[in-house]
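Down below is the structure, laid out as structure tokens.
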Amino acid sequence: MISIPSDTIGPKWDSDKLYGRGKELEVLNSLAAERSSGCVLVHGNEGTGKSSLMEVIPWEQNYWVFVTGRYEQRLSSEPYSALVCTLDKLVELWAINNSQSENSQMGDFCELIDQDIELLQVVIPRIIEKVEKITNGKYVPKNKSISDSQRSHHDPSIPYVSADSVAVAASFLRIFSFLSSATPVALFFDDFHHADAASSDIIELLAYAAAFNGTASKNRMLLVLSYRCEEIENNKFAHKTIRSIREFESKSVYNLHLEDLNIDSLNGLVASMLNCSLEYALPLSMVIHKKTAGNPFFVSKFLRFARERGFFTFSTATCKWEWGDVRVLDQYASVSDNVADMLALTMDKLSVSSQVVLKVSSCLGNIIPRHVLVEHFRSFDENGDGHISCPAVIGVETGDLDHLLDNAVEAGILVKSRIRGAYRWSNERLQHVAYSFIPTAMRAELHMKIGRLLWRLGIEDDEEWMIFMAASQMNKYTELQCDSSLGNEVAELNLHAAKLSLKKAALFPALEMLVHAEKHLDTVGRWENSYDLTLDILTNLCETQMEVGCLDQAVEVGRNIVQNAKSLDDSFRAHLVLLNGLVSGQERNFDLGIEKTLELLKLYGEKNPKKMFPGQKCVEKKKLKKLLPGGELEGLLELPDMVDEKALKVQILLMNHLTVYAYSSAENKSLGWFASVRALKASCKYGISPVTNMAVIQMATKLRIEGHLREASEYAEFALLLSERIPRKLGSNHGMVRSAAVGALRSFNNCLNELFESRADCLRSGLPKDAVLVSMAYATAYMCVGLPLASLDSDLISFVEDAKHFGSPYTIQQTFLFFRQAIANLQNKVDNPTLLSGNVMDQAEELKKVEGHGRAMSLRDINMHRLMLCCVFGDWCTAEVVMDDLEKYLDTPDAFNMRFHFRRCYMGLAAFGLSREARSTKKRKKYRTIGKKILQSFASDMKDGSVNAFPIVRMLEAEESPSKENYDKAIRACARLGLVHHEAYMCERAGLYFNSRMDERWSEFYLAQAVLLYGEWGATGKAERLTDEHSLHDSCIQESSNNSSLLGRSRYSSKELDALREINWDSFMVKADSMRDGEKQLQITELKADSMRGGSRKNNSR
């Protein structure tokens, strides 16, 4: 679309049609008419009309709410700039539509806002103000300003946790999804190549929701991103997002590439504007195409330039446009080489006042902030007279300023919004050219003046965007001036902006500003002359570097702080970074982390043993009971909050470091229990801290590992109760406590949803690395209950990306790869299914990437998955090797209940399998002893009330004493609880048992059942292999399907597991004997019935 206003030469030129965009318009018009969800990528070179393409679509006629947000190069340091702007407009439009609706959803929307109130108050506080305004003050957010009050009383030596990027993304998604549930919403983000890093993740999540969720829900959301092909690769975050969207396997992702206009399209445009025939306009169009290459922006500027030069005239007699010899036009320079000259010619026709306003405005964003200009022109700069200042604009008010800007609108330099009255540059190129007209010697001073003004206004008006732009202006000043005299002032401003970014989980923009802040600090004597500022900048810098995975840089800065800090409190946060550095590398040296943590605790006056002496646990537990109010855990609920800063720091060291490292250590596991007890004793003395609930749940975990399941359940239940007492806020550990509690209390198939909710809690609290750990627990629990493998694999892909993005240790990232490769081996027919090598990973290569304790952890997890595959695929030779490597972990406690259960289960199955398959009598006896030991431990767990142990006991009993009776018991136990993978394995083992006894009929029956069950699990590769190995016919499998226990079975029901709670476990073994007698009688009855039907099986085979 080209529009050139009327002037003395003739009437306006206006083309309301887009030429050369037929295919693109067809796609967008179809989406608008059908009100379809999806994601559209509009890309092309600068000036190809990407924005114009969206403006001509009849969105309102098709009942869409259409909102636009633009990313700007000069605002790239401001997190979520376009997203917040778009959401602000959308909420306003939604409120208008909602007020006119019979069924108001304002109450539901307010409830949605309250879900993430802590997050929204720091990330997008304007939305809270917007909701308060549109409800006329009726909406009162819960915990209003709690975040601000907490910040104001915060000890700078204690690290606080900012929002998390995924939590922010999820909050944006929930709000956008809600607003699009009533009326279809089209979100257009222009110039995405300028997007900040924080926005990229959210845009990718919105794109996924638009591409996949729209057709399955009532939400209708269309996301459109435009970007320049030549610039997108320069922004690695935006480029990654675009690449990810393109890889979506969805038909609802559309790629629209805009080329420059060919000669035919350009000729149609020219003929339309000049109101003449195509043939008559063709010679003119050919020259214009030669000079502009068909770029719509350049065509517009070239036509305006030629018109202003008098090449075109309008005949009042014929009411037609006329033009001179096209050879004269051909002598004009190409537009791409001469945009500056053309703009200079246009600006020369404007008043000096308008020129000055445009030059100053070019330093600001695409949308011109008029109130900032008004403040800027309060004073007169004699040195800039005629360039960046003039007497006519001094003291200018908004009305007169609008008149000057209107002149630029008429000249085609600016565009004025019809609704809001805002002014913006018609093209980014024009803004850059206007900036180039500022004399080089004046630019630095202008940036400094604007930067200081924005900083003052930002603080006075509480406008965060001004702070970000102020930092950019001052950085530009120092870049141009190389003036170190303002170094600390610039450093302080960058620090201020960085802290705002950190609050919003915009880590990469924050890191960039912190790097600027550190660079501008006085290089000589910074610690002596600017101690507080230097400490603040470097502390935030090393913490942010650690968060984004820059481990070496973070450790280097942390050491610098420790060496120069005046006190232990000043260096406390740096010490925490160094501790995290020790356990986050490839080696993951937890023992050294424990040693350093104990040293820090000693400096704070806490004496902690390096090892526990016999009986010390009982002594410490008695001391704790004496300190507890009333001698009971519930007495903690009566205590006040902990306010002593030293005690809080000790709690952080005990629970966030010593306990965590101890559970992962090979030699100091008992210290985890001691740290938890010490933290609880401190809570009794100083009050409840934010980690007291974690101390309780760690006690529960330790009790569970030691076999005290009843007491562990009591501690876990109380941890959940105590968590309700502790306020939910950024940094709170409610998610981790909840995940640990459900792992101790619930059956695995009942805790999956709660684990997912715990993961969401961690993300909302700004604890992304904890969320990754919960994801790992979820994946393990999922494998324990045998849900479909394909669904887990898709989750694992996102879990891997989360672990990478959040900078989780590589050993944790590897864990998800192990799961994925094991699943791939089950799903596909591979040559060596018990080797974790394939399309996902190669175990030998992965082990090369880790060292020391980290390598031992990875090898343990690899062998755990390999042992499962050995059992499923019957590879007993490999199982023997793997079992020997895992034997040292047989009695080793594991903080992850699910992983401990998974590993012991397959070690028990493998042990009994090897007791029959091993080559030597000595080996067979060894493995049978191991199998019995594991069976006894599961039986003990079951006696203590473990609802997850029952089917494992039945399976191990069947493997210990193979018989049809025992296998049927195991199969029924697994089937009732929905453990399809275990049911399949038991059917296969029963089939092999009958095969060894030459009973082909029963063997074929059970093996066919196994094939069906493996298929239901998603282990199609295993099912095919089993079919081929035993030459099972389709008719046999079909017959088995017709008689299968799968028919009518309710899978994953918790009814049976809940019923187990009512069993008197103390008399379980006695009851078990009588149950066996009853089931034998049942088997006799079944044999008689089968005989009456003419069954031909032999009695001894039953």
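By order in the structure tokens, chains are A, B, ...; within a chain, residues start at 1; ligands start at 1, following the order shown.
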*Find the residues around stretch 747-761 of chain A up to 6 Å (only C-alpha atoms counted), leave out those fewer than 2 positions away in its own chain, and share them as a ChimeraX atom specification.*
/A:735,739,742,763-764,771,774,781,785,947-948
*Could you give me the residues within stretch 567-676 of chain A that DSSP places in alpha helix (DSSP H), as a ChimeraX atom specification?*
/A:568-584,590-603,616-627,645-653,659-664,670-676
*Atomic separation - atom CA of A:Thr780 relative to atom CA of A:Met736, Å*: 15.8 Å
_Point-to-point distance from atom CA of A:Ala1023 to atom CA of A:Tyr906, Å rounded to tenths_ =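 Those two atoms sit 19.4 Å apart.
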_Report as a ChimeraX atom specification all protein, DNA and RNA residues lying within 12 Å of A:Met868, evaluated on only C-alpha atoms, omitting residues in the same chain fewer than 6 positions from it._
/A:783-784,818-819,822-823,825-826,833-836,861-862,874-876,878-879,882-883,902-911,981-982,985
*asked:* Between atom CA of A:Gly549 and atom CA of A:Gly807, what is the distance in Å, rounded to a tenth?
replied: 4.8 Å
